[in-house]
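Q: Next comes protein23.cif, mmCIF, C-alpha atoms and all ligand atoms:
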```cif
data_input
#
loop_
_atom_site.label_atom_id
_atom_site.label_comp_id
_atom_site.auth_asym_id
_atom_site.auth_seq_id
_atom_site.Cartn_x
_atom_site.Cartn_y
_atom_site.Cartn_z
CA MET A 1 -10.22 -4.91 -21.16
CA SER A 2 -10.20 -1.37 -19.80
CA VAL A 3 -13.07 -0.63 -17.42
CA ALA A 4 -14.27 2.82 -16.35
CA LYS A 5 -10.94 4.15 -15.17
CA LYS A 6 -10.66 7.42 -17.08
CA GLU A 7 -13.93 8.92 -15.89
CA TYR A 8 -12.42 10.65 -12.88
CA LYS A 9 -9.92 13.40 -13.62
CA ARG A 10 -8.52 13.25 -10.13
CA ILE A 11 -9.32 10.74 -7.40
CA THR A 12 -10.17 12.21 -4.00
CA VAL A 13 -11.28 10.59 -0.77
CA LYS A 14 -14.82 11.60 -1.73
CA THR A 15 -14.48 9.83 -5.11
CA LEU A 16 -13.68 6.61 -3.26
CA VAL A 17 -16.73 6.87 -1.02
CA ASP A 18 -18.85 7.57 -4.12
CA MET A 19 -17.32 4.54 -5.87
CA LYS A 20 -18.42 2.33 -3.01
CA ALA A 21 -21.92 3.83 -3.03
CA ASN A 22 -22.11 3.16 -6.81
CA GLY A 23 -20.78 -0.38 -6.49
CA GLU A 24 -17.60 0.43 -8.44
CA LYS A 25 -14.56 -1.49 -7.24
CA ILE A 26 -11.46 0.46 -6.21
CA SER A 27 -7.98 -0.47 -7.49
CA MET A 28 -4.97 0.24 -5.31
CA LEU A 29 -1.28 -0.63 -5.74
CA THR A 30 1.88 0.32 -3.91
CA ALA A 31 4.62 2.46 -5.44
CA TYR A 32 7.71 3.91 -3.86
CA ASP A 33 9.46 5.83 -6.65
CA TYR A 34 8.81 8.26 -9.51
CA THR A 35 9.23 5.91 -12.47
CA MET A 36 6.99 3.14 -11.16
CA ALA A 37 4.40 5.61 -9.89
CA LYS A 38 4.21 7.22 -13.36
CA ILE A 39 3.37 3.84 -14.90
CA VAL A 40 0.88 2.91 -12.17
CA ASP A 41 -0.90 6.26 -12.38
CA GLY A 42 -0.94 6.22 -16.19
CA ALA A 43 -2.48 2.74 -16.16
CA GLY A 44 -5.46 4.07 -14.23
CA VAL A 45 -4.96 2.78 -10.70
CA ASP A 46 -7.24 4.73 -8.34
CA VAL A 47 -5.09 4.79 -5.21
CA ILE A 48 -1.32 4.61 -4.90
CA LEU A 49 -0.14 3.47 -1.50
CA VAL A 50 3.34 4.52 -0.50
CA GLY A 51 3.43 1.57 1.84
CA ASP A 52 5.91 0.92 4.59
CA SER A 53 6.43 -2.33 2.66
CA ALA A 54 9.13 -0.14 1.07
CA SER A 55 11.13 -1.34 4.08
CA ASN A 56 11.05 -4.89 2.61
CA VAL A 57 10.81 -4.20 -1.11
CA MET A 58 13.15 -1.24 -1.51
CA ALA A 59 15.53 -1.63 1.42
CA GLY A 60 15.63 -5.42 1.90
CA HIS A 61 14.65 -5.44 5.58
CA GLU A 62 12.89 -8.51 6.94
CA THR A 63 10.04 -6.45 8.43
CA THR A 64 8.40 -3.05 7.98
CA LEU A 65 9.67 -1.85 11.36
CA PRO A 66 13.02 -0.24 10.43
CA ILE A 67 11.77 2.29 7.85
CA THR A 68 11.87 5.87 9.16
CA LEU A 69 9.57 8.84 8.73
CA ASP A 70 12.26 10.64 6.69
CA GLN A 71 12.57 7.64 4.38
CA MET A 72 8.78 7.43 3.93
CA ILE A 73 8.73 11.14 3.06
CA TYR A 74 11.49 10.61 0.49
CA HIS A 75 9.56 7.76 -1.18
CA ALA A 76 6.24 9.63 -1.02
CA SER A 77 7.58 12.86 -2.51
CA SER A 78 9.05 10.89 -5.45
CA VAL A 79 5.65 9.28 -6.03
CA VAL A 80 3.71 12.54 -5.75
CA ARG A 81 5.86 14.14 -8.48
CA ALA A 82 4.69 11.41 -10.88
CA ILE A 83 0.95 11.60 -10.30
CA ASP A 84 -1.77 13.16 -12.44
CA ARG A 85 -4.82 11.22 -11.30
CA ALA A 86 -4.42 8.79 -8.39
CA LEU A 87 -4.97 9.51 -4.71
CA VAL A 88 -1.65 9.10 -2.88
CA VAL A 89 -1.89 7.52 0.58
CA VAL A 90 1.26 7.36 2.70
CA ASP A 91 1.89 4.92 5.54
CA LEU A 92 2.83 6.34 8.91
CA PRO A 93 5.83 4.15 9.78
CA PHE A 94 6.30 2.16 12.97
CA GLY A 95 7.23 4.42 15.88
CA SER A 96 5.86 7.60 14.33
CA TYR A 97 2.35 7.48 15.86
CA GLN A 98 2.04 4.82 18.57
CA SER A 99 3.45 6.72 21.54
CA ASP A 100 0.94 9.58 21.74
CA PRO A 101 -1.61 11.48 19.63
CA LYS A 102 0.52 14.64 19.49
CA GLU A 103 3.41 12.75 17.97
CA ALA A 104 1.01 11.06 15.55
CA LEU A 105 -0.22 14.47 14.42
CA ARG A 106 3.33 15.82 14.07
CA SER A 107 4.28 12.82 11.90
CA ALA A 108 1.16 13.13 9.73
CA ILE A 109 1.77 16.85 9.25
CA ARG A 110 5.36 16.19 8.17
CA ILE A 111 4.14 13.67 5.60
CA MET A 112 1.53 16.05 4.18
CA LYS A 113 3.83 19.11 4.17
CA GLU A 114 7.07 17.52 3.01
CA SER A 115 5.82 14.87 0.56
CA GLY A 116 2.63 16.39 -0.83
CA GLY A 117 0.75 13.11 -0.21
CA HIS A 118 -3.03 13.29 0.04
CA ALA A 119 -3.77 11.09 3.05
CA VAL A 120 -2.09 8.87 5.64
CA LYS A 121 -2.65 5.27 6.66
CA LEU A 122 -2.00 3.77 10.05
CA GLU A 123 -2.41 0.33 11.58
CA GLY A 124 -4.61 -0.65 14.49
CA GLY A 125 -8.01 -0.31 16.15
CA LYS A 126 -9.13 1.29 19.38
CA GLU A 127 -5.56 1.69 20.66
CA VAL A 128 -4.94 4.35 17.97
CA LYS A 129 -8.36 6.03 18.12
CA GLU A 130 -7.13 9.20 19.84
CA SER A 131 -4.28 9.58 17.34
CA ILE A 132 -6.71 9.21 14.43
CA LYS A 133 -8.97 11.90 15.95
CA ARG A 134 -6.04 14.31 16.31
CA ILE A 135 -4.91 13.80 12.73
CA LEU A 136 -8.45 14.17 11.38
CA ASN A 137 -8.95 17.37 13.39
CA ALA A 138 -6.04 18.86 11.45
CA GLY A 139 -7.87 18.15 8.19
CA ILE A 140 -5.72 15.17 7.19
CA PRO A 141 -7.65 12.19 5.76
CA VAL A 142 -6.90 8.86 7.46
CA MET A 143 -7.12 5.31 6.10
CA GLY A 144 -7.28 2.54 8.74
CA HIS A 145 -5.63 -0.89 8.52
CA LEU A 146 -6.90 -3.97 10.38
CA GLY A 147 -6.36 -7.74 10.29
CA LEU A 148 -2.74 -8.64 9.68
CA THR A 149 -0.92 -5.48 10.68
CA PRO A 150 2.76 -6.08 9.80
CA GLN A 151 4.04 -3.45 12.26
CA SER A 152 2.87 -5.84 15.03
CA ILE A 153 4.61 -8.90 13.58
CA TYR A 154 6.58 -9.54 16.77
CA LYS A 155 3.33 -9.62 18.75
CA PHE A 156 1.65 -12.03 16.28
CA GLY A 157 4.78 -14.11 15.68
CA THR A 158 3.69 -15.12 12.14
CA TYR A 159 2.22 -13.69 8.93
CA THR A 160 -0.65 -16.21 8.89
CA VAL A 161 -4.34 -15.38 8.39
CA ARG A 162 -5.82 -13.25 11.22
CA ALA A 163 -9.23 -13.24 12.90
CA LYS A 164 -10.07 -16.89 12.26
CA GLU A 165 -11.19 -17.23 15.87
CA GLU A 166 -14.48 -15.66 16.93
CA GLU A 167 -13.04 -13.42 19.62
CA GLU A 168 -10.58 -11.73 17.25
CA ALA A 169 -13.24 -11.52 14.50
CA ILE A 170 -15.61 -9.71 16.89
CA ARG A 171 -12.85 -7.28 17.89
CA LEU A 172 -12.04 -6.61 14.25
CA LYS A 173 -15.70 -5.85 13.43
CA GLU A 174 -15.89 -3.46 16.38
CA ASP A 175 -12.66 -1.76 15.31
CA ALA A 176 -13.97 -1.31 11.76
CA LEU A 177 -17.14 0.37 13.05
CA MET A 178 -15.01 2.56 15.34
CA LEU A 179 -12.75 3.61 12.42
CA GLU A 180 -15.80 4.59 10.38
CA LYS A 181 -17.40 6.46 13.28
CA THR A 182 -14.16 8.28 14.09
CA GLY A 183 -13.98 9.56 10.52
CA CYS A 184 -11.57 7.38 8.53
CA PHE A 185 -12.33 7.54 4.80
CA ALA A 186 -11.41 3.90 4.09
CA ILE A 187 -10.06 0.75 5.73
CA VAL A 188 -7.52 -1.80 4.52
CA LEU A 189 -8.23 -5.37 5.64
CA GLU A 190 -5.22 -7.62 5.34
CA LYS A 191 -5.23 -11.43 5.30
CA ILE A 192 -8.49 -12.32 7.02
CA PRO A 193 -11.22 -14.82 6.01
CA ALA A 194 -13.19 -13.64 2.95
CA LYS A 195 -16.53 -14.13 4.71
CA LEU A 196 -15.54 -11.88 7.59
CA ALA A 197 -14.14 -9.23 5.24
CA ALA A 198 -17.38 -9.20 3.22
CA GLU A 199 -19.37 -8.81 6.43
CA VAL A 200 -17.22 -5.85 7.50
CA ALA A 201 -17.55 -4.22 4.05
CA LYS A 202 -21.35 -4.52 4.30
CA SER A 203 -21.42 -3.08 7.81
CA VAL A 204 -19.69 0.23 6.98
CA SER A 205 -20.39 2.94 4.42
CA ILE A 206 -16.70 3.74 3.83
CA PRO A 207 -14.69 1.68 1.31
CA VAL A 208 -12.99 -1.49 2.54
CA ILE A 209 -9.95 -2.42 0.49
CA GLY A 210 -8.65 -5.94 0.84
CA ILE A 211 -5.36 -7.76 0.47
CA GLY A 212 -5.89 -11.47 0.99
CA ALA A 213 -9.43 -10.68 2.13
CA GLY A 214 -11.47 -12.10 -0.76
CA ASN A 215 -13.76 -10.53 -3.33
CA GLY A 216 -16.61 -9.31 -1.14
CA VAL A 217 -14.88 -6.04 -0.30
CA ASP A 218 -14.94 -2.70 -2.13
CA GLY A 219 -11.47 -2.79 -3.68
CA GLN A 220 -8.15 -4.60 -3.83
CA VAL A 221 -4.57 -3.67 -3.05
CA LEU A 222 -1.37 -5.55 -3.89
CA VAL A 223 2.30 -4.76 -3.51
CA LEU A 224 3.38 -3.71 -7.03
CA HIS A 225 6.67 -5.62 -7.04
CA ASP A 226 4.80 -8.83 -6.14
CA MET A 227 2.07 -8.45 -8.78
CA ILE A 228 4.56 -7.79 -11.59
CA GLY A 229 6.72 -10.68 -10.41
CA MET A 230 9.84 -8.70 -9.59
CA THR A 231 9.91 -10.50 -6.28
CA HIS A 232 9.88 -14.28 -6.66
CA GLU A 233 10.34 -15.86 -3.24
CA PHE A 234 6.94 -14.88 -1.86
CA HIS A 235 3.96 -17.09 -2.74
CA PRO A 236 0.92 -16.28 -0.61
CA ARG A 237 -2.34 -17.75 -1.91
CA PHE A 238 -3.87 -14.29 -2.40
CA LEU A 239 -1.16 -13.06 -4.78
CA ARG A 240 -1.88 -13.04 -8.53
CA ARG A 241 1.28 -12.41 -10.55
CA TYR A 242 0.52 -10.54 -13.77
CA MET A 243 4.09 -10.75 -15.09
CA ASN A 244 7.26 -12.62 -14.35
CA LEU A 245 9.69 -9.72 -14.36
CA TYR A 246 12.24 -11.46 -12.15
CA GLU A 247 12.92 -13.99 -14.93
CA ASP A 248 12.58 -11.49 -17.78
CA MET A 249 14.97 -9.02 -16.15
CA THR A 250 17.47 -11.70 -15.19
CA SER A 251 17.61 -12.96 -18.75
CA ALA A 252 17.88 -9.41 -20.24
CA ILE A 253 20.66 -8.47 -17.84
CA SER A 254 22.63 -11.66 -18.40
CA GLN A 255 22.28 -11.08 -22.17
CA TYR A 256 23.77 -7.61 -21.63
CA VAL A 257 26.67 -9.11 -19.65
CA ASP A 258 27.34 -11.59 -22.50
CA ASP A 259 27.14 -8.82 -25.12
CA VAL A 260 29.70 -6.70 -23.25
CA LYS A 261 32.04 -9.66 -22.69
CA MET A 262 31.75 -10.72 -26.34
CA LYS A 263 32.46 -7.13 -27.51
CA ASP A 264 29.08 -7.19 -29.26
CA PHE A 265 27.83 -4.10 -27.37
CA PRO A 266 28.07 -1.33 -28.43
CA ASN A 267 27.99 -1.93 -32.18
CA ASP A 268 28.77 0.63 -34.90
CA GLU A 269 25.30 2.25 -34.69
CA GLU A 270 25.47 2.54 -30.92
CA GLN A 271 28.46 4.86 -30.78
CA TYR A 272 29.46 8.41 -31.85
O1 LIG A 301 2.77 -1.33 3.25
C1 LIG A 301 1.99 -1.90 2.47
O2 LIG A 301 2.33 -2.25 1.34
C2 LIG A 301 0.63 -2.15 2.93
C3 LIG A 301 -0.24 -3.00 2.06
C4 LIG A 301 0.14 -4.42 2.16
C5 LIG A 301 -1.67 -2.79 2.34
O3 LIG A 301 0.26 -1.70 3.97
#
```
Just give me the structure of the file as structure tokens.
A:
Amino acid sequence: MSVAKKEYKRITVKTLVDMKANGEKISMLTAYDYTMAKIVDGAGVDVILVGDSASNVMAGHETTLPITLDQMIYHASSVVRAIDRALVVVDLPFGSYQSDPKEALRSAIRIMKESGGHAVKLEGGKEVKESIKRILNAGIPVMGHLGLTPQSIYKFGTYTVRAKEEEEAIRLKEDALMLEKTGCFAIVLEKIPAKLAAEVAKSVSIPVIGIGAGNGVDGQVLVLHDMIGMTHEFHPRFLRRYMNLYEDMTSAISQYVDDVKMKDFPNDEEQY
């Protein structure tokens, strides 16, 4: 069933805030290249996130830490060339904004200028407040990211659910209010209890987009390669796989190998 996804010619940060106000859920998926982004945009996804998960999905790193600003710009510019409708949000990679607000602004400007993306996302709460302010002052929309923040994996030590304890939950709620007050247009909440996420979504007027944060938020985001089943060794509870492309592709490719070996490909019609 196709639901109300062609009504907006072009999604802007304002569209997302309006969607929340109207109770319309926001769909968001990652993409890192032109061909995938074309499909995702054409299917009516509202927001395409050029996530630093490209570090894992595209480059095979264990964490998101190694991906560079240049590499993020390369991925983002490929995505932007494919888009007619979606808002394109680009992750500021690890090391491109944490040291000081001026560097954060320089990195955000490079992303906007060199990739053509429409907004940036960065991880963290009050520790990145000054950087967010700087970026916003330059007219660049910022999406926050709280809960499980993969760029801090070595501090957390694991990818398990965050903010289960009261102290961390209180800090997360305060950070969400701070992000709204500072001027972020949306917040991603990753892997936190559904009840807490719903509470946060109710407490702010900007959209809260969840991944592993339950159904009481304003929208959902998944990593594209996980939801289409191209990856197959990752089974978090929150992930719904809509296809099993790993198996389908493996069987198509091994069929091709057999056809070549058996001299069945190309046949008479497949040559000049
Ligand atoms: O990089 C990414 O894909 C993300 C999502 C998991 C929200 O930040």
Q: Which of these residues is nearest to ligand LIG 301 (chain A), using only C-alpha atoms and all ligand atoms: A:Thr149, A:Thr68, A:Thr231, A:Ser115?
A: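 Checking each of A:Thr149, A:Thr68, A:Thr231, A:Ser115 against ligand LIG 301 (chain A), counting only C-alpha atoms and all ligand atoms, the winner is A:Thr149.
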Q: First collect every listed atom of stretch 222-240 of chain A; then fit an axis-aligned box around them, widen it by 3 Å on each side, and give centre and edge lengths in Å to one decimal, as AutoDock Vina command-line options.
A:
```
--center_x 3.2 --center_y -10.7 --center_z -6.1 --size_x 20.2 --size_y 20.0 --size_z 17.0
```
Q: If we count only C-alpha atoms, what is near A:Asp100 at a cut-off of 12 Å, once residues fewer than 2 positions away on the same chain are taken out, given as a PyMOL selection string?
A: chain A and resi 95-98+102-107+127-135
Q: List as CSV every residue of chain A that is in contact with ligand LIG 301 (chain A), defined as an atom at most 10 Å from one of its atoms (using only C-alpha atoms and all ligand atoms), together with the nearest atom pair and the distance in Å rounded to one decimal, sorted by chain and then rising number.
A:
```
residue,atom,partner,partner_atom,distance
A:Met28,CA,A:LIG301,C5,8.9
A:Leu29,CA,A:LIG301,O2,8.1
A:Thr30,CA,A:LIG301,O2,5.9
A:Ala31,CA,A:LIG301,O2,8.6
A:Tyr32,CA,A:LIG301,O2,9.7
A:Ile48,CA,A:LIG301,O2,10.0
A:Leu49,CA,A:LIG301,O2,6.8
A:Val50,CA,A:LIG301,O1,7.0
A:Gly51,CA,A:LIG301,O1,3.3
A:Asp52,CA,A:LIG301,O1,4.1
A:Ser53,CA,A:LIG301,O1,3.8
A:Ala54,CA,A:LIG301,O1,6.8
A:Ser55,CA,A:LIG301,O1,8.4
A:Asn56,CA,A:LIG301,O1,9.0
A:Val57,CA,A:LIG301,O2,9.0
A:Thr64,CA,A:LIG301,O1,7.6
A:Val90,CA,A:LIG301,O1,8.8
A:Asp91,CA,A:LIG301,O1,6.7
A:Leu92,CA,A:LIG301,O1,9.5
A:Pro93,CA,A:LIG301,O1,9.1
A:Lys121,CA,A:LIG301,O3,8.0
A:Leu122,CA,A:LIG301,O3,8.5
A:Glu123,CA,A:LIG301,O3,8.3
A:Gly144,CA,A:LIG301,O3,9.9
A:His145,CA,A:LIG301,O3,7.5
A:Leu146,CA,A:LIG301,C5,9.7
A:Leu148,CA,A:LIG301,C4,9.1
A:Thr149,CA,A:LIG301,O3,7.8
A:Pro150,CA,A:LIG301,O3,7.7
A:Gln151,CA,A:LIG301,O3,9.3
A:Ile187,CA,A:LIG301,C5,9.7
A:Val188,CA,A:LIG301,C5,6.3
A:Leu189,CA,A:LIG301,C5,7.8
A:Glu190,CA,A:LIG301,C5,6.7
A:Lys191,CA,A:LIG301,C4,9.4
A:Ile209,CA,A:LIG301,C5,8.5
A:Gly210,CA,A:LIG301,C5,7.8
A:Ile211,CA,A:LIG301,C5,6.5
A:Gly212,CA,A:LIG301,C4,9.4
A:Gln220,CA,A:LIG301,C5,9.1
A:Val221,CA,A:LIG301,C5,6.2
A:Leu222,CA,A:LIG301,C4,6.3
A:Val223,CA,A:LIG301,O2,5.5
A:Leu224,CA,A:LIG301,O2,8.6
```
Q: So how far away is atom CA of A:Cys184 from atom CA of A:Ala43, in Å?
A: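 Separating atom CA of A:Ala43 from atom CA of A:Cys184 is a distance of 26.7 Å.
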Q: Taking all atoms listed in the file into account, name the residue in A:Gly124, A:Asn215, A:Asp84, A:Lys25 that is nearest to A:Ser152.
A: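 Closest candidate: A:Gly124.
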Q: Taking into account all atoms listed in the file, which residue in the set A:Ile206, A:Ile192, A:Met72, A:Ala186 is nearest to A:Tyr159?
A: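 With all atoms listed in the file as the atom set, the closest residue is A:Ile192.
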Q: At a cut-off of 7 Å, using all atoms listed in the file, what residues contact stretch 245-248 of chain A? Leave out same-chain residues fewer than 4 positions from it and give the result as a PyMOL selection string.
A: chain A and resi 228-232+252
Q: May I ask for the distance between atom CA of A:Ala169 and atom CA of A:Phe94, given in Å to one decimal place?
A: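 Between atom CA of A:Ala169 and atom CA of A:Phe94 the gap is 23.9 Å.
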Q: Taking (1.7, 10.3, 0.2) in the file's coordinates, which residues come within 8 Å, counting all atoms listed in the file, written as a list of chain:residue names?
A: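 Residues lying no farther than 8 Å from the given point: A:Leu49, A:Val50, A:Ile73, A:Ala76, A:Ser77, A:Val79, A:Val80, A:Val88, A:Val89, A:Val90, A:Asp91, A:Ile111, A:Met112, A:Ser115, A:Gly116, A:Gly117, A:His118, A:Ala119, A:Val120.
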Q: Can those selected residues be exported to a file as a PDB file, keeping the file's coordinate frame so that it contains C-alpha atoms?
A:
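Printed below is selection.pdb as written:
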```
ATOM      1  CA  LEU A  49      -0.140   3.470  -1.500  1.00  0.00           C
ATOM      2  CA  VAL A  50       3.340   4.520  -0.500  1.00  0.00           C
ATOM      3  CA  ILE A  73       8.730  11.140   3.060  1.00  0.00           C
ATOM      4  CA  ALA A  76       6.240   9.630  -1.020  1.00  0.00           C
ATOM      5  CA  SER A  77       7.580  12.860  -2.510  1.00  0.00           C
ATOM      6  CA  VAL A  79       5.650   9.280  -6.030  1.00  0.00           C
ATOM      7  CA  VAL A  80       3.710  12.540  -5.750  1.00  0.00           C
ATOM      8  CA  VAL A  88      -1.650   9.100  -2.880  1.00  0.00           C
ATOM      9  CA  VAL A  89      -1.890   7.520   0.580  1.00  0.00           C
ATOM     10  CA  VAL A  90       1.260   7.360   2.700  1.00  0.00           C
ATOM     11  CA  ASP A  91       1.890   4.920   5.540  1.00  0.00           C
ATOM     12  CA  ILE A 111       4.140  13.670   5.600  1.00  0.00           C
ATOM     13  CA  MET A 112       1.530  16.050   4.180  1.00  0.00           C
ATOM     14  CA  SER A 115       5.820  14.870   0.560  1.00  0.00           C
ATOM     15  CA  GLY A 116       2.630  16.390  -0.830  1.00  0.00           C
ATOM     16  CA  GLY A 117       0.750  13.110  -0.210  1.00  0.00           C
ATOM     17  CA  HIS A 118      -3.030  13.290   0.040  1.00  0.00           C
ATOM     18  CA  ALA A 119      -3.770  11.090   3.050  1.00  0.00           C
ATOM     19  CA  VAL A 120      -2.090   8.870   5.640  1.00  0.00           C
TER      20      VAL A 120
END
```
Q: Please report the interatomic distance between atom CA of A:Ser254 and atom CA of A:Glu270 in Å with one decimal.
A: 19.1 Å
Q: List as a list in words the protein and nucleic acid residues near A:Met178, meaning an atom at most 10 Å away when all atoms listed in the file are counted, but skip any in the same chain fewer than 4 places from it.
A: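 So the residues in contact are Gly125, Lys126, Lys129, Leu172, Lys173, Glu174, Thr182, Gly183, Cys184 and Val204 of chain A.
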